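Notes follow once the structure below has been shown.
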Amino acid sequence: MSKQMQAAVLEGSHKITIHSLPQPTATSADEVVAQVRHVGLCRTDFQLSARGEDKGLVMGHEVVCQIPGDSGYYALNNEVSCGQCSYCQQGFSSHCENLWELGINAPGGYAQWLLTPRRQLYPLTFSNPVLGTLVEPLSCAIHAEQRLQTIVPMLTTTKELVVFIVGGGISGALLSYLVSQWSSSPKLLLHDIAETEFPWMEALDIERITEPPEQAVHLSIECSGSSGGRQTAFRAVRKGGAVCLYGVPNKQASLPISADELFQRELIVLTSFAGATDTTVKTAIKHIHNNELFFSRLIGRIIPLQGLPKALTEWSPIHGTRTVMDTSI
């Protein structure tokens with residue numbers, strides 16, 4: 001009889017149930033069955049839960065785990081690419097033609113055990129292993145920041161670069177941190193419709209504004225994924241500027257600007273989708289290791305596995321922080 005484990009299983013729209021499932025077993029030498037310790041609750045999981053289309057899925061992709069017999073902790077890169085298709089060969093593994101993602105379209109970390117290729121696990125040396133749940137979202141933010149770096153030289157030649165962050169959630173926090181590290185020392189502005197304070201702001205030189213500017217900033221980074229956020233981002237950017245769409249839009253979303261206005265204002269539109277590669281994961285780990293104090297501000301509530309059904313269907317994280325599931329409580 002196979003060993004059993006507890007797991008949170010998606011059963012329909014806004015319906016998640018804790019089940020006893022068979023513990024996975026490795027079937028090849030390059031696989032490992034890792035013991036899940038901590039998992040971050042991503043808004044993508046909430047969206048998957050709301051749709052409820054992937055019945056039977058065990059979600060959870062921001063995973064910290066341990067390998068039996070090893071005392072260390074590991075962060076998971078949940079994007080398993082083939083390494084052979086044209087996208088992989090060109091370094092765009094997030095667009096792999098054969099991509100499978102643990103926690104998205106394959107069993108993930110909202111369980112006590114996780115089956116993964118060994119190469120997807122990266123060792124951590126943080127004083128607090130919970131910070132490893134930020135490795136995956138920070139990797140994605142690094143991918144966006146790398147894309148932004150390619151257009152920044154086009155945005156201004158004489159004035160101080162003004163960067164406008166729309167949305168103060170985890171995405172806004174991570175991109176604000178990365179932009180604050182630029183050697184150009186840009187002026188950072190933040191707007192969020194929530195009136196609450198964000199625990200990470202005081203650690204960065206960033207100004208929170210209540211009224212969005214009008215055609216005044218060089219670069220808008222939209223992190224909320226909302227239609228209002230997109231409108232604000234486009235309205236704020238000056239002629240010759242750029243808008244980065246980073247927040248995940250719904251499938252029916254459209255741009256709040258006409259092709260003619262894009263043309264007349266000579267705007268650059270940049271998007272960034274996922275991007276957890278070997279390089280970005282290693283860079284994310286280095287960032288967190290070098291500034292644990294800042295990243296610790298982004299950890300919010302800690303909940304047990306049994307708390308997932310409520311947390312993923314009644315989305316209410318502490319603003320600007322990541323809720324984390326801990327299998328030990």
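Chain labels run A, B, ... following the order of the structure tokens; each chain numbers its residues from 1, and ligands are numbered from 1 in the order shown.
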
What parts of segment 86-271 of chain A does DSSP call alpha helix (DSSP H)? I'd like the answer as JSON, numbers by chain.
{"A": [86, 87, 88, 89, 135, 136, 137, 138, 139, 140, 141, 142, 143, 144, 145, 146, 147, 148, 149, 170, 171, 172, 173, 174, 175, 176, 177, 178, 179, 180, 227, 228, 229, 230, 231, 232, 233, 234, 235, 236, 259, 260, 261, 262, 263, 264, 265]}

Sorted by chain and rising residue number, list the residues of segment 123-237 of chain A at most 7 Å from segment 282-299 of chain A (counting only C-alpha atoms), each with its closest atom pair and distance in Å to one decimal, as a tab-separated table.
residue	atom	partner	partner_atom	distance
A:Phe126	CA	A:His289	CA	6.0
A:Leu131	CA	A:Ser296	CA	6.7
A:Val135	CA	A:Ala284	CA	5.6
A:Leu138	CA	A:Ala284	CA	5.7
A:Ser139	CA	A:Ala284	CA	5.4
A:Pro199	CA	A:Arg297	CA	6.0
A:Trp200	CA	A:Arg297	CA	5.6
A:Ala203	CA	A:Phe294	CA	6.7

Writing out the chosen residues with N, CA and C atoms as a PDB file, in the first residue's frame:
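Saved as selection.pdb:
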ATOM      1  N   PHE A 126      19.687  31.086   3.313  1.00  0.00           N
ATOM      2  CA  PHE A 126      19.088  32.188   4.060  1.00  0.00           C
ATOM      3  C   PHE A 126      18.992  31.823   5.540  1.00  0.00           C
ATOM      4  N   LEU A 131      11.985  32.832   3.366  1.00  0.00           N
ATOM      5  CA  LEU A 131      12.281  33.810   2.320  1.00  0.00           C
ATOM      6  C   LEU A 131      12.437  33.152   0.961  1.00  0.00           C
ATOM      7  N   VAL A 135      11.679  33.548  -4.066  1.00  0.00           N
ATOM      8  CA  VAL A 135      12.628  33.342  -5.155  1.00  0.00           C
ATOM      9  C   VAL A 135      11.915  33.316  -6.507  1.00  0.00           C
ATOM     10  N   LEU A 138      10.436  36.814  -7.442  1.00  0.00           N
ATOM     11  CA  LEU A 138      11.538  37.736  -7.710  1.00  0.00           C
ATOM     12  C   LEU A 138      12.223  37.376  -9.026  1.00  0.00           C
ATOM     13  N   SER A 139      12.320  36.097  -9.338  1.00  0.00           N
ATOM     14  CA  SER A 139      12.899  35.680 -10.622  1.00  0.00           C
ATOM     15  C   SER A 139      12.109  36.275 -11.783  1.00  0.00           C
ATOM     16  N   PRO A 199       4.377  47.707   4.157  1.00  0.00           N
ATOM     17  CA  PRO A 199       5.487  47.538   5.088  1.00  0.00           C
ATOM     18  C   PRO A 199       6.872  47.646   4.464  1.00  0.00           C
ATOM     19  N   TRP A 200       6.956  47.563   3.153  1.00  0.00           N
ATOM     20  CA  TRP A 200       8.264  47.604   2.491  1.00  0.00           C
ATOM     21  C   TRP A 200       8.696  48.997   2.067  1.00  0.00           C
ATOM     22  N   ALA A 203      11.731  51.149   3.495  1.00  0.00           N
ATOM     23  CA  ALA A 203      13.089  50.670   3.232  1.00  0.00           C
ATOM     24  C   ALA A 203      13.624  51.161   1.890  1.00  0.00           C
TER      25      ALA A 203
END

Considering only C-alpha atoms, return as a PyMOL selection string whatever protein or nucleic-acid residues lie within 9 Å of segment 259-264 of chain A, sequence-local ones (same chain, fewer than 4 positions apart) excluded.
chain A and resi 239+268-269

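Ranking A:Glu195, A:Glu202, A:Asp45, A:Asp70 by their shortest atom-to-atom distance to Gly108 of chain A, with only C-alpha atoms included, puts A:Asp45 first.
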
Spatial neighbours of segment 152-161 of chain A, max dist 6 Å, only C-alpha atoms, sep filter under 3 positions, as JSON, numbers by chain:
{"A": [149, 186, 241]}

Export N, CA and C atoms of the chosen residues as a short mmCIF file (atom, residue, chain, number, x, y, z; two decimals), in the first residue's frame?
data_model
loop_
_atom_site.label_atom_id
_atom_site.label_comp_id
_atom_site.auth_asym_id
_atom_site.auth_seq_id
_atom_site.Cartn_x
_atom_site.Cartn_y
_atom_site.Cartn_z
N GLN A 149 15.63 47.22 -18.93
CA GLN A 149 16.96 47.80 -19.11
C GLN A 149 17.29 48.04 -20.58
N PRO A 186 17.02 56.45 -10.40
CA PRO A 186 15.78 57.09 -10.85
C PRO A 186 14.93 57.57 -9.68
N GLY A 241 7.73 58.13 -23.87
CA GLY A 241 7.98 57.27 -22.71
C GLY A 241 7.58 55.83 -22.98
#

All strand (DSSP E) positions in segment 193-285 of chain A, as a VMD selection string:
chain A and resid 206 to 208 217 to 222 237 to 245 268 to 271

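In terms of minimum interatomic distance to Leu178 of chain A, A:His143 ranks closest within A:Arg119, A:His143, A:Arg43, A:Arg37, counting only C-alpha atoms.
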
List the neighbours of Ile329 of chain A out to 12 Å using only C-alpha atoms; skip same-chain residues closer than 5 positions along the sequence, and give me the result as an MDAnalysis selection string.
chainID A and resid 37:38 112 302:307 324

Report, in Å with one decimal, the straight-line distance from atom CA of Pro68 of chain A to atom CA of Leu124 of chain A.
15.5 Å

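The interatomic distance for the pair atom CA of Thr271 of chain A and atom CA of Leu190 of chain A works out to 19.1 Å.
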
Report, in Å to a single decimal, how far apart atom CA of Asn77 of chain A and atom CA of Asn98 of chain A are.
15.8 Å

Using only C-alpha atoms, the best pick from A:Met59, A:Ala216, A:Val33, A:Leu204 as closest to Leu174 of chain A would be A:Leu204

Find the residues near Thr44 of chain A: any atom within 10 Å, counting only C-alpha atoms, skip ones fewer than 2 places away on the same chain, and give them as a short mmCIF file (atom, residue, chain, number, x, y, z; two decimals) with N, CA and C atoms, in the first residue's frame.
data_model
loop_
_atom_site.label_atom_id
_atom_site.label_comp_id
_atom_site.auth_asym_id
_atom_site.auth_seq_id
_atom_site.Cartn_x
_atom_site.Cartn_y
_atom_site.Cartn_z
N LEU A 41 1.53 31.96 -1.43
CA LEU A 41 0.23 32.00 -2.09
C LEU A 41 0.23 33.12 -3.12
N CYS A 42 0.31 32.72 -4.38
CA CYS A 42 0.37 33.68 -5.48
C CYS A 42 -1.03 34.01 -5.97
N PHE A 46 -5.06 32.11 -6.94
CA PHE A 46 -6.41 32.60 -6.70
C PHE A 46 -7.20 32.63 -8.01
N GLN A 47 -6.54 33.07 -9.09
CA GLN A 47 -7.21 33.14 -10.39
C GLN A 47 -7.53 31.74 -10.91
N LEU A 48 -6.60 30.80 -10.72
CA LEU A 48 -6.87 29.42 -11.11
C LEU A 48 -8.04 28.84 -10.32
N SER A 49 -8.07 29.18 -9.03
CA SER A 49 -9.16 28.71 -8.18
C SER A 49 -10.49 29.29 -8.64
N ALA A 50 -10.50 30.57 -8.99
CA ALA A 50 -11.73 31.22 -9.42
C ALA A 50 -12.26 30.58 -10.71
N MET A 59 -2.25 22.92 -6.75
CA MET A 59 -1.55 24.15 -7.13
C MET A 59 -0.34 24.36 -6.21
N GLY A 60 0.24 25.56 -6.30
CA GLY A 60 1.37 25.93 -5.46
C GLY A 60 2.69 25.84 -6.20
N HIS A 61 3.28 27.01 -6.54
CA HIS A 61 4.52 27.00 -7.32
C HIS A 61 5.65 27.81 -6.69
N ILE A 104 0.83 24.63 -11.85
CA ILE A 104 0.00 25.33 -12.83
C ILE A 104 -0.72 24.32 -13.73
N VAL A 248 -0.84 40.71 -14.28
CA VAL A 248 -1.50 39.77 -15.18
C VAL A 248 -2.92 40.24 -15.50
N LEU A 312 -7.36 30.76 -0.35
CA LEU A 312 -7.32 30.86 -1.80
C LEU A 312 -8.66 31.22 -2.42
#

Do a neighbour search on Asp54 of chain A at 8 Å with only C-alpha atoms, toss out local chain neighbours closer than 2 positions, and write the hits as an MDAnalysis selection string.
chainID A and resid 10:12 48 52 56:57 105

Which residue is closest to Gln23 of chain A? Choose from A:Lys3, A:Asn250, A:Gln35, A:Met325 and count only C-alpha atoms.
A:Lys3

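Restricting the calculation to only C-alpha atoms, the smallest distance between Ile151 of chain A and any of A:Val39, A:Leu245, A:Leu219, A:Ala233 is found for A:Leu219.
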
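Closest to Gly168 of chain A among A:Gly109, A:Pro256, A:Gly91, A:Gly247 is A:Gly247, based on only C-alpha atoms.
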